[in-house]
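Q: Would you mind keeping the following structure in view while I ask a few things?
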Amino acid sequence: MVDFTQKMKKEYTILAPDIFPTHMRLLREIFVARGYKLEILRYEGKDVIDTGLKYVHNDMCYPAICTLGQQLYALTCGDYDPRKCALIQFQTGGGCRASNYVMLLRKALKNMGMEYVPVIALSFTGIEHYSGFHITLPMVLSAVRALVYGDMLLCLKNQTRPYEINRGDTEKVVAKWVDRLRWQLYKNRGLSRGAMRKNLDEMVKDFHDIPREKRDLKKVGIVGEIYVKYSPFGNNGLEKFLETQDCEYMVPGVLGFFQYCFSNMETDHRYYGTPKTHQLAGKIAESVASDWEKEILRALAPYPEFVAPAPISEVKRLAERVIDRGVKMGEGWLLPGEAAEMIEKGYTNIISAQPFGCLPNHIVAKGTIRRLRELYPKANIFPVDYDAGASRVNQENRIKLMLAIADEEAKTAEREAVKV
């Protein structure tokens, strides 16, 4: 392992893959404010995929090909000096292949003759330690607040853009708030409860004030593996495609995934006997995240036209109707819990975005469809596979089939209503 030293902190650029675009732009500022030169990579296209396939075993999951491909492409395309760069990957230490990304990067770098490039494992459990890179408690707390801001922007954008009268109004408001929040996070501002409440209240009002028109759109919920659920690169521009099909879509917040991880620390203690301190740490972390989650619900309450996300406690309850919470590989119980939440909020057409060959998600996602349909007979649930060898046309045709079924069911319901 190549250490990331204090000298490197001053001189090296840390390259991170773009996992969830809006949130990553905010999270970056937390690192920059503390002296790290962090860049979020936004390379896309065939060259990136080919680079990933060239240096990472093609039996690895698609998120590995995409995210590691972005980082390895950055080192070979000429935009960065490899001898002044480090790579970073988020690591949960769970049972899916994502826990091998750091080792895969190091193996690829060795094959490329670049084993001198440091690879940083970003984890809350201290998988590895470095003399010049440290995650502090204030950084973690700031990151939670950045996720809250990102989730609110995601929620408001997705419910406003399909109905805007003047095309581009929503993106202007998003850009305004991303710029404002980035500046605040860089200056270590906007983090107190009072400042957050002020920001969230003004943010909701700005989106509320965008001129909109009533449109009869199909409502689609997007669940699935965390990377392909959020990344346009990973899901072939799923959200833009849905907009062309007259859809309003909802994607669960990123904070929910971290709350899921914190909650699983209690499950580990209850099922597998991990130390009591492990359980206590999870409870504290989940309580802190849930406390900030309430601020989203508080800010949205005066605006009933916006559908507010369910708190994690409700997602847990819904998930337990489908599957035991001991199922926690990949997105585990969170996936059917979020699907049930969406359906209950009226987003009855569910796309489960899965990387092909992602064993935990395929088992959970496809295995829980039958139970979800028993609980919600009118739900229209379709898994869609994403992979380097998968055809965009096939993916879009499968989604069109789902929407065609939704149209037919709506017409049948109308005919039945007329008969009554």
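Order determines the names: the first chain of the structure tokens is A, the second B, and so forth; residues in each chain are numbered 1 upward, and ligands are numbered 1 upward as they are shown.
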Residues at most 9 Å from Arg325 in chain A, counting only C-alpha atoms, excluding those fewer than 2 positions away in the same chain, as a ChimeraX atom specification?

A: /A:264,267,316,319-320,323,327-328,332-334

Q: For those residues, write N, CA and C atoms to a file as an mmCIF file, in the first residue's frame.

A:
data_model
loop_
_atom_site.group_PDB
_atom_site.id
_atom_site.type_symbol
_atom_site.label_atom_id
_atom_site.label_comp_id
_atom_site.auth_asym_id
_atom_site.auth_seq_id
_atom_site.Cartn_x
_atom_site.Cartn_y
_atom_site.Cartn_z
ATOM 1 N N ASN A 264 -28.102 -1.063 10.078
ATOM 2 C CA ASN A 264 -27.591 -2.434 9.990
ATOM 3 C C ASN A 264 -26.575 -2.758 11.077
ATOM 4 N N THR A 267 -28.545 -4.433 13.604
ATOM 5 C CA THR A 267 -28.870 -5.785 13.136
ATOM 6 C C THR A 267 -27.670 -6.715 13.312
ATOM 7 N N LYS A 316 -38.443 1.381 7.098
ATOM 8 C CA LYS A 316 -38.186 0.132 7.816
ATOM 9 C C LYS A 316 -39.469 -0.673 7.987
ATOM 10 N N ALA A 319 -40.512 -2.144 4.752
ATOM 11 C CA ALA A 319 -39.603 -3.214 4.346
ATOM 12 C C ALA A 319 -39.889 -4.502 5.099
ATOM 13 N N GLU A 320 -40.222 -4.393 6.384
ATOM 14 C CA GLU A 320 -40.453 -5.575 7.202
ATOM 15 C C GLU A 320 -41.699 -6.350 6.772
ATOM 16 N N ILE A 323 -39.602 -8.331 3.675
ATOM 17 C CA ILE A 323 -38.420 -9.173 3.876
ATOM 18 C C ILE A 323 -37.802 -8.849 5.240
ATOM 19 N N VAL A 327 -31.581 -9.271 5.912
ATOM 20 C CA VAL A 327 -31.141 -9.293 4.513
ATOM 21 C C VAL A 327 -30.557 -7.914 4.202
ATOM 22 N N LYS A 328 -29.236 -7.807 4.218
ATOM 23 C CA LYS A 328 -28.616 -6.486 4.110
ATOM 24 C C LYS A 328 -27.395 -6.483 3.204
ATOM 25 N N GLY A 332 -30.102 -4.565 0.093
ATOM 26 C CA GLY A 332 -30.872 -5.368 1.035
ATOM 27 C C GLY A 332 -32.308 -4.939 1.209
ATOM 28 N N TRP A 333 -32.726 -4.852 2.473
ATOM 29 C CA TRP A 333 -34.123 -4.532 2.778
ATOM 30 C C TRP A 333 -34.499 -3.108 2.376
ATOM 31 N N LEU A 334 -33.500 -2.238 2.186
ATOM 32 C CA LEU A 334 -33.812 -0.862 1.796
ATOM 33 C C LEU A 334 -34.521 -0.827 0.446
#

Q: According to DSSP computed on the backbone, where in range 189-408 of chain A is there strand (DSSP E)? Give the residues as a ChimeraX atom specification.

A: /A:218-224,247-250,349-355,380-386

Q: Range 57-67 of chain A: which residues within 9 Å, counting only C-alpha atoms, same-chain residues fewer than 2 positions away excluded, as a ChimeraX atom specification?

A: /A:16-19,44,48-55,69-72,89,97-98,101,104,227-228,233-234,355-358,386-388

Q: Got time to write the residues from that selection, N, CA and C atoms, as a short mmCIF file (atom, residue, chain, number, x, y, z; two decimals), in the first residue's frame?

A:
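Result written to again_27.cif:
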data_model
loop_
_atom_site.label_atom_id
_atom_site.label_comp_id
_atom_site.auth_asym_id
_atom_site.auth_seq_id
_atom_site.Cartn_x
_atom_site.Cartn_y
_atom_site.Cartn_z
N ALA A 16 -11.89 11.46 -7.59
CA ALA A 16 -13.03 10.68 -7.10
C ALA A 16 -14.01 10.45 -8.24
N PRO A 17 -14.63 9.27 -8.31
CA PRO A 17 -15.65 9.02 -9.33
C PRO A 17 -16.93 9.79 -9.02
N ASP A 18 -17.72 10.05 -10.03
CA ASP A 18 -18.97 10.80 -9.86
C ASP A 18 -20.09 9.81 -9.58
N ILE A 19 -20.43 9.63 -8.31
CA ILE A 19 -21.42 8.60 -7.94
C ILE A 19 -22.84 9.17 -7.98
N GLU A 44 -17.37 10.36 -19.35
CA GLU A 44 -18.37 9.35 -19.73
C GLU A 44 -18.03 8.83 -21.12
N VAL A 48 -14.22 5.50 -21.62
CA VAL A 48 -14.16 5.24 -20.18
C VAL A 48 -14.49 3.78 -19.88
N ILE A 49 -15.55 3.28 -20.51
CA ILE A 49 -15.94 1.88 -20.32
C ILE A 49 -14.83 0.95 -20.81
N ASP A 50 -14.27 1.26 -21.96
CA ASP A 50 -13.20 0.41 -22.50
C ASP A 50 -11.98 0.39 -21.58
N THR A 51 -11.68 1.54 -20.98
CA THR A 51 -10.57 1.59 -20.03
C THR A 51 -10.85 0.72 -18.82
N GLY A 52 -12.09 0.79 -18.31
CA GLY A 52 -12.47 -0.05 -17.19
C GLY A 52 -12.38 -1.53 -17.53
N LEU A 53 -12.87 -1.90 -18.71
CA LEU A 53 -12.83 -3.31 -19.13
C LEU A 53 -11.40 -3.78 -19.37
N LYS A 54 -10.53 -2.88 -19.79
CA LYS A 54 -9.14 -3.25 -20.09
C LYS A 54 -8.36 -3.60 -18.83
N TYR A 55 -8.61 -2.86 -17.76
CA TYR A 55 -7.79 -3.02 -16.57
C TYR A 55 -8.51 -3.66 -15.38
N GLY A 69 -13.18 2.83 -14.12
CA GLY A 69 -12.86 3.27 -15.48
C GLY A 69 -12.66 4.77 -15.54
N GLN A 70 -13.51 5.55 -14.84
CA GLN A 70 -13.34 7.01 -14.80
C GLN A 70 -11.98 7.39 -14.23
N GLN A 71 -11.59 6.72 -13.15
CA GLN A 71 -10.33 7.07 -12.49
C GLN A 71 -9.11 6.67 -13.32
N LEU A 72 -9.15 5.47 -13.87
CA LEU A 72 -8.01 5.00 -14.68
C LEU A 72 -7.90 5.79 -15.98
N GLN A 89 -11.85 5.84 -3.16
CA GLN A 89 -13.06 5.06 -3.33
C GLN A 89 -13.75 4.90 -1.99
N ARG A 97 -19.21 -6.90 -4.05
CA ARG A 97 -17.90 -6.76 -4.67
C ARG A 97 -17.33 -5.34 -4.59
N ALA A 98 -18.19 -4.38 -4.24
CA ALA A 98 -17.70 -3.00 -4.08
C ALA A 98 -16.63 -2.92 -2.99
N TYR A 101 -13.04 -2.76 -4.43
CA TYR A 101 -12.66 -1.75 -5.41
C TYR A 101 -11.24 -1.23 -5.19
N LEU A 104 -8.80 -3.74 -6.38
CA LEU A 104 -8.86 -3.80 -7.84
C LEU A 104 -8.10 -2.64 -8.48
N TYR A 227 -25.32 2.99 -7.25
CA TYR A 227 -24.64 3.72 -8.33
C TYR A 227 -25.55 3.89 -9.54
N VAL A 228 -26.10 2.81 -10.05
CA VAL A 228 -26.92 2.95 -11.27
C VAL A 228 -28.25 3.64 -10.98
N PHE A 233 -24.40 8.30 -16.01
CA PHE A 233 -23.45 7.48 -16.75
C PHE A 233 -23.75 6.00 -16.55
N GLY A 234 -24.08 5.63 -15.31
CA GLY A 234 -24.35 4.23 -15.01
C GLY A 234 -25.68 3.73 -15.55
N PRO A 355 -27.22 -3.44 -11.76
CA PRO A 355 -26.07 -3.83 -12.59
C PRO A 355 -26.17 -5.32 -12.87
N PHE A 356 -25.98 -5.71 -14.11
CA PHE A 356 -26.05 -7.13 -14.45
C PHE A 356 -24.99 -7.89 -13.65
N GLY A 357 -25.40 -8.98 -13.03
CA GLY A 357 -24.45 -9.78 -12.27
C GLY A 357 -24.23 -9.28 -10.86
N CYS A 358 -25.00 -8.28 -10.42
CA CYS A 358 -24.88 -7.79 -9.04
C CYS A 358 -25.71 -8.71 -8.16
N TYR A 386 -28.29 -3.11 -16.21
CA TYR A 386 -27.32 -2.21 -16.84
C TYR A 386 -25.94 -2.87 -16.79
N ASP A 387 -25.27 -2.88 -17.94
CA ASP A 387 -23.98 -3.55 -18.03
C ASP A 387 -23.23 -3.02 -19.24
N ALA A 388 -21.92 -3.22 -19.26
CA ALA A 388 -21.12 -2.75 -20.39
C ALA A 388 -21.57 -3.36 -21.70
#

Q: Using only C-alpha atoms for the distances, tell me which of A:Ala404, A:Leu375, A:Ile30, A:Ala175 is nearest to Thr136 in chain A.

A: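 Among the listed residues, the smallest separation from Thr136 in chain A belongs to A:Ile30.
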
Q: Of the residues A:Gly132, A:Gly282, A:Gly221, A:Pro302, which is the one nearest to Tyr260 in chain A, using only C-alpha atoms?

A: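 Under the stated criterion, the closest residue is A:Gly282.
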
Q: Restricting the calculation to only C-alpha atoms: of A:Glu115, A:Glu243, A:Asp179, A:Glu266, which residue gets closest to Gln279 in chain A?

A: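 Looking only at the distances to Gln279 in chain A, the closest residue turns out to be A:Glu266.
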
Q: Please give the complete set of residues from range 297-347 of chain A that DSSP, run on the backbone, assigns to alpha helix (DSSP H), formatted as an MDAnalysis selection string.

A: chainID A and resid 297:300 312:320 334:344

Q: Set the distance at 8 Å and use only C-alpha atoms: which residues neighbour Ser352 in chain A once local chain neighbours fewer than 3 positions away are removed? I'd like the list as a list of chain:residue names.

A: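 The residues that qualify are A:Ile222, A:Val223, A:Gly224, A:Ala365, A:Ile381, A:Phe382, A:Pro383, A:Val384.
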
Q: Keeping only N, CA and C atoms, write the selected residues to a file as a PDB file, in the first residue's frame.

A:
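Output file part.pdb is given in full below:
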ATOM      1  N   ILE A 222     -37.823   5.163  -8.972  1.00  0.00           N
ATOM      2  CA  ILE A 222     -36.564   4.508  -9.341  1.00  0.00           C
ATOM      3  C   ILE A 222     -35.876   4.006  -8.069  1.00  0.00           C
ATOM      4  N   VAL A 223     -35.690   2.699  -7.983  1.00  0.00           N
ATOM      5  CA  VAL A 223     -34.956   2.104  -6.874  1.00  0.00           C
ATOM      6  C   VAL A 223     -33.825   1.265  -7.465  1.00  0.00           C
ATOM      7  N   GLY A 224     -33.036   0.616  -6.603  1.00  0.00           N
ATOM      8  CA  GLY A 224     -32.005  -0.275  -7.122  1.00  0.00           C
ATOM      9  C   GLY A 224     -30.654  -0.053  -6.489  1.00  0.00           C
ATOM     10  N   ALA A 365     -33.884  -7.755  -5.263  1.00  0.00           N
ATOM     11  CA  ALA A 365     -34.821  -7.027  -6.123  1.00  0.00           C
ATOM     12  C   ALA A 365     -35.803  -7.971  -6.803  1.00  0.00           C
ATOM     13  N   ILE A 381     -43.978  -3.276 -11.589  1.00  0.00           N
ATOM     14  CA  ILE A 381     -42.579  -3.330 -11.167  1.00  0.00           C
ATOM     15  C   ILE A 381     -41.736  -4.036 -12.228  1.00  0.00           C
ATOM     16  N   PHE A 382     -40.714  -3.335 -12.711  1.00  0.00           N
ATOM     17  CA  PHE A 382     -39.852  -3.878 -13.760  1.00  0.00           C
ATOM     18  C   PHE A 382     -38.383  -3.743 -13.368  1.00  0.00           C
ATOM     19  N   PRO A 383     -37.633  -4.835 -13.258  1.00  0.00           N
ATOM     20  CA  PRO A 383     -36.178  -4.717 -13.116  1.00  0.00           C
ATOM     21  C   PRO A 383     -35.531  -4.452 -14.474  1.00  0.00           C
ATOM     22  N   VAL A 384     -34.546  -3.579 -14.494  1.00  0.00           N
ATOM     23  CA  VAL A 384     -33.824  -3.267 -15.730  1.00  0.00           C
ATOM     24  C   VAL A 384     -32.329  -3.445 -15.463  1.00  0.00           C
TER      25      VAL A 384
END

Q: Could you tell me how far CA of Val140 in chain A sits from CA of Ser290 in chain A, in Å to one decimal place?

A: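 These atoms are spaced 14.6 Å apart.
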
Q: Using only C-alpha atoms, determine which residues lie at most 12 Å from Val2 in chain A, disregarding the query and same-chain residues fewer than 4 positions distant; provide the list as a ChimeraX atom specification.

A: /A:8,86-87,102-103,106,109-110,114-121,128-132

Q: Mind dumping the selected residues with N, CA and C atoms as a PDB file, in the first residue's frame?

A:
ATOM      1  N   MET A   8       1.854  14.984   0.316  1.00  0.00           N
ATOM      2  CA  MET A   8       0.933  14.725  -0.793  1.00  0.00           C
ATOM      3  C   MET A   8      -0.344  15.549  -0.653  1.00  0.00           C
ATOM      4  N   ALA A  86      -3.813  11.024  -6.598  1.00  0.00           N
ATOM      5  CA  ALA A  86      -4.225   9.895  -5.774  1.00  0.00           C
ATOM      6  C   ALA A  86      -5.663   9.560  -6.160  1.00  0.00           C
ATOM      7  N   LEU A  87      -6.074   8.340  -5.908  1.00  0.00           N
ATOM      8  CA  LEU A  87      -7.437   7.898  -6.210  1.00  0.00           C
ATOM      9  C   LEU A  87      -8.152   7.598  -4.896  1.00  0.00           C
ATOM     10  N   VAL A 102     -10.868  -1.005  -3.932  1.00  0.00           N
ATOM     11  CA  VAL A 102      -9.531  -0.475  -3.643  1.00  0.00           C
ATOM     12  C   VAL A 102      -8.457  -1.443  -4.113  1.00  0.00           C
ATOM     13  N   MET A 103      -8.643  -2.725  -3.815  1.00  0.00           N
ATOM     14  CA  MET A 103      -7.657  -3.719  -4.241  1.00  0.00           C
ATOM     15  C   MET A 103      -7.636  -3.865  -5.765  1.00  0.00           C
ATOM     16  N   ARG A 106      -5.580  -1.020  -7.127  1.00  0.00           N
ATOM     17  CA  ARG A 106      -4.146  -1.229  -6.930  1.00  0.00           C
ATOM     18  C   ARG A 106      -3.597  -2.271  -7.903  1.00  0.00           C
ATOM     19  N   LEU A 109      -3.419  -0.561 -11.310  1.00  0.00           N
ATOM     20  CA  LEU A 109      -2.288   0.376 -11.359  1.00  0.00           C
ATOM     21  C   LEU A 109      -0.957  -0.366 -11.507  1.00  0.00           C
ATOM     22  N   LYS A 110      -0.832  -1.497 -10.843  1.00  0.00           N
ATOM     23  CA  LYS A 110       0.388  -2.292 -10.975  1.00  0.00           C
ATOM     24  C   LYS A 110       0.561  -2.770 -12.413  1.00  0.00           C
ATOM     25  N   MET A 114       1.826   1.934 -12.793  1.00  0.00           N
ATOM     26  CA  MET A 114       1.569   3.139 -12.004  1.00  0.00           C
ATOM     27  C   MET A 114       1.320   2.801 -10.538  1.00  0.00           C
ATOM     28  N   GLU A 115       1.963   1.781 -10.027  1.00  0.00           N
ATOM     29  CA  GLU A 115       1.692   1.375  -8.650  1.00  0.00           C
ATOM     30  C   GLU A 115       2.148   2.416  -7.636  1.00  0.00           C
ATOM     31  N   TYR A 116       2.798   3.479  -8.096  1.00  0.00           N
ATOM     32  CA  TYR A 116       3.204   4.572  -7.214  1.00  0.00           C
ATOM     33  C   TYR A 116       2.024   5.489  -6.869  1.00  0.00           C
ATOM     34  N   VAL A 117       0.889   5.344  -7.562  1.00  0.00           N
ATOM     35  CA  VAL A 117      -0.284   6.186  -7.302  1.00  0.00           C
ATOM     36  C   VAL A 117      -0.977   5.713  -6.021  1.00  0.00           C
ATOM     37  N   PRO A 118      -1.139   6.577  -5.012  1.00  0.00           N
ATOM     38  CA  PRO A 118      -1.831   6.172  -3.778  1.00  0.00           C
ATOM     39  C   PRO A 118      -3.320   5.942  -4.026  1.00  0.00           C
ATOM     40  N   VAL A 119      -3.887   4.953  -3.368  1.00  0.00           N
ATOM     41  CA  VAL A 119      -5.322   4.674  -3.419  1.00  0.00           C
ATOM     42  C   VAL A 119      -5.870   4.767  -2.001  1.00  0.00           C
ATOM     43  N   ILE A 120      -6.851   5.639  -1.813  1.00  0.00           N
ATOM     44  CA  ILE A 120      -7.407   5.897  -0.478  1.00  0.00           C
ATOM     45  C   ILE A 120      -8.753   5.196  -0.347  1.00  0.00           C
ATOM     46  N   ALA A 121      -8.908   4.417   0.725  1.00  0.00           N
ATOM     47  CA  ALA A 121     -10.198   3.808   1.039  1.00  0.00           C
ATOM     48  C   ALA A 121     -10.931   4.736   2.003  1.00  0.00           C
ATOM     49  N   GLU A 128      -8.422   1.375   6.414  1.00  0.00           N
ATOM     50  CA  GLU A 128      -6.993   1.648   6.263  1.00  0.00           C
ATOM     51  C   GLU A 128      -6.684   3.018   6.874  1.00  0.00           C
ATOM     52  N   HIS A 129      -5.411   3.252   7.155  1.00  0.00           N
ATOM     53  CA  HIS A 129      -5.007   4.525   7.756  1.00  0.00           C
ATOM     54  C   HIS A 129      -3.867   5.137   6.940  1.00  0.00           C
ATOM     55  N   TYR A 130      -3.865   6.470   6.866  1.00  0.00           N
ATOM     56  CA  TYR A 130      -2.874   7.200   6.076  1.00  0.00           C
ATOM     57  C   TYR A 130      -2.353   8.355   6.904  1.00  0.00           C
ATOM     58  N   SER A 131      -1.075   8.687   6.707  1.00  0.00           N
ATOM     59  CA  SER A 131      -0.473   9.751   7.510  1.00  0.00           C
ATOM     60  C   SER A 131      -0.948  11.142   7.099  1.00  0.00           C
ATOM     61  N   GLY A 132      -1.470  11.289   5.867  1.00  0.00           N
ATOM     62  CA  GLY A 132      -1.867  12.610   5.399  1.00  0.00           C
ATOM     63  C   GLY A 132      -3.332  12.736   5.032  1.00  0.00           C
TER      64      GLY A 132
END

Q: Can you tell me which residues surround range 203-208 of chain A at a distance of at most 9 Å, considering only C-alpha atoms, apart from same-chain residues fewer than 2 positions away, and format the answer as a list in words?

A: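 Answer for this query is Met152, Leu153, Leu156, Lys157, Thr160, Thr170, Val173, Val174, Trp177, Lys198, Asn199, Leu200, Asp201, Ile210, Pro211, Arg212, Ala299, Leu300, Tyr303, Glu305 and Phe306 of chain A.
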
Q: Excluding Trp183 in chain A and its own-chain neighbours fewer than 6 positions away, which residues fall within 10 Å of it when counting only C-alpha atoms? Please give them as number ranges by chain.

A: A: 26, 29, 33, 177, 189-190

Q: CA of Ile135 in chain A and CA of Gln91 in chain A are how many Å apart?

A: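 Between CA of Ile135 in chain A and CA of Gln91 in chain A the gap is 13.2 Å.
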
Q: Restricting the calculation to only C-alpha atoms: of A:Ala310, A:Leu15, A:Leu105, A:Ile284, which residue gets closest to Cys155 in chain A?

A: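 Using only C-alpha atoms, the shortest distance to Cys155 in chain A belongs to A:Ala310.
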
Q: From the list A:Ile351, A:Met1, A:Cys261, A:Leu154, which residue is nearest Lys229 in chain A when using only C-alpha atoms?

A: A:Ile351

Q: From the set A:Asp291, A:Glu248, A:Glu344, A:Asp79, which residue has the shortest atom-to-atom contact distance to Leu141 in chain A, counting only C-alpha atoms?

A: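 The shortest atom-to-atom distance to Leu141 in chain A comes from A:Asp291.
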
Q: Would you work out the distance separating CA of Ser263 in chain A from CA of Ile127 in chain A, expressed in Å to one decimal?

A: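 That distance, rounded to one decimal, is 19.4 Å.
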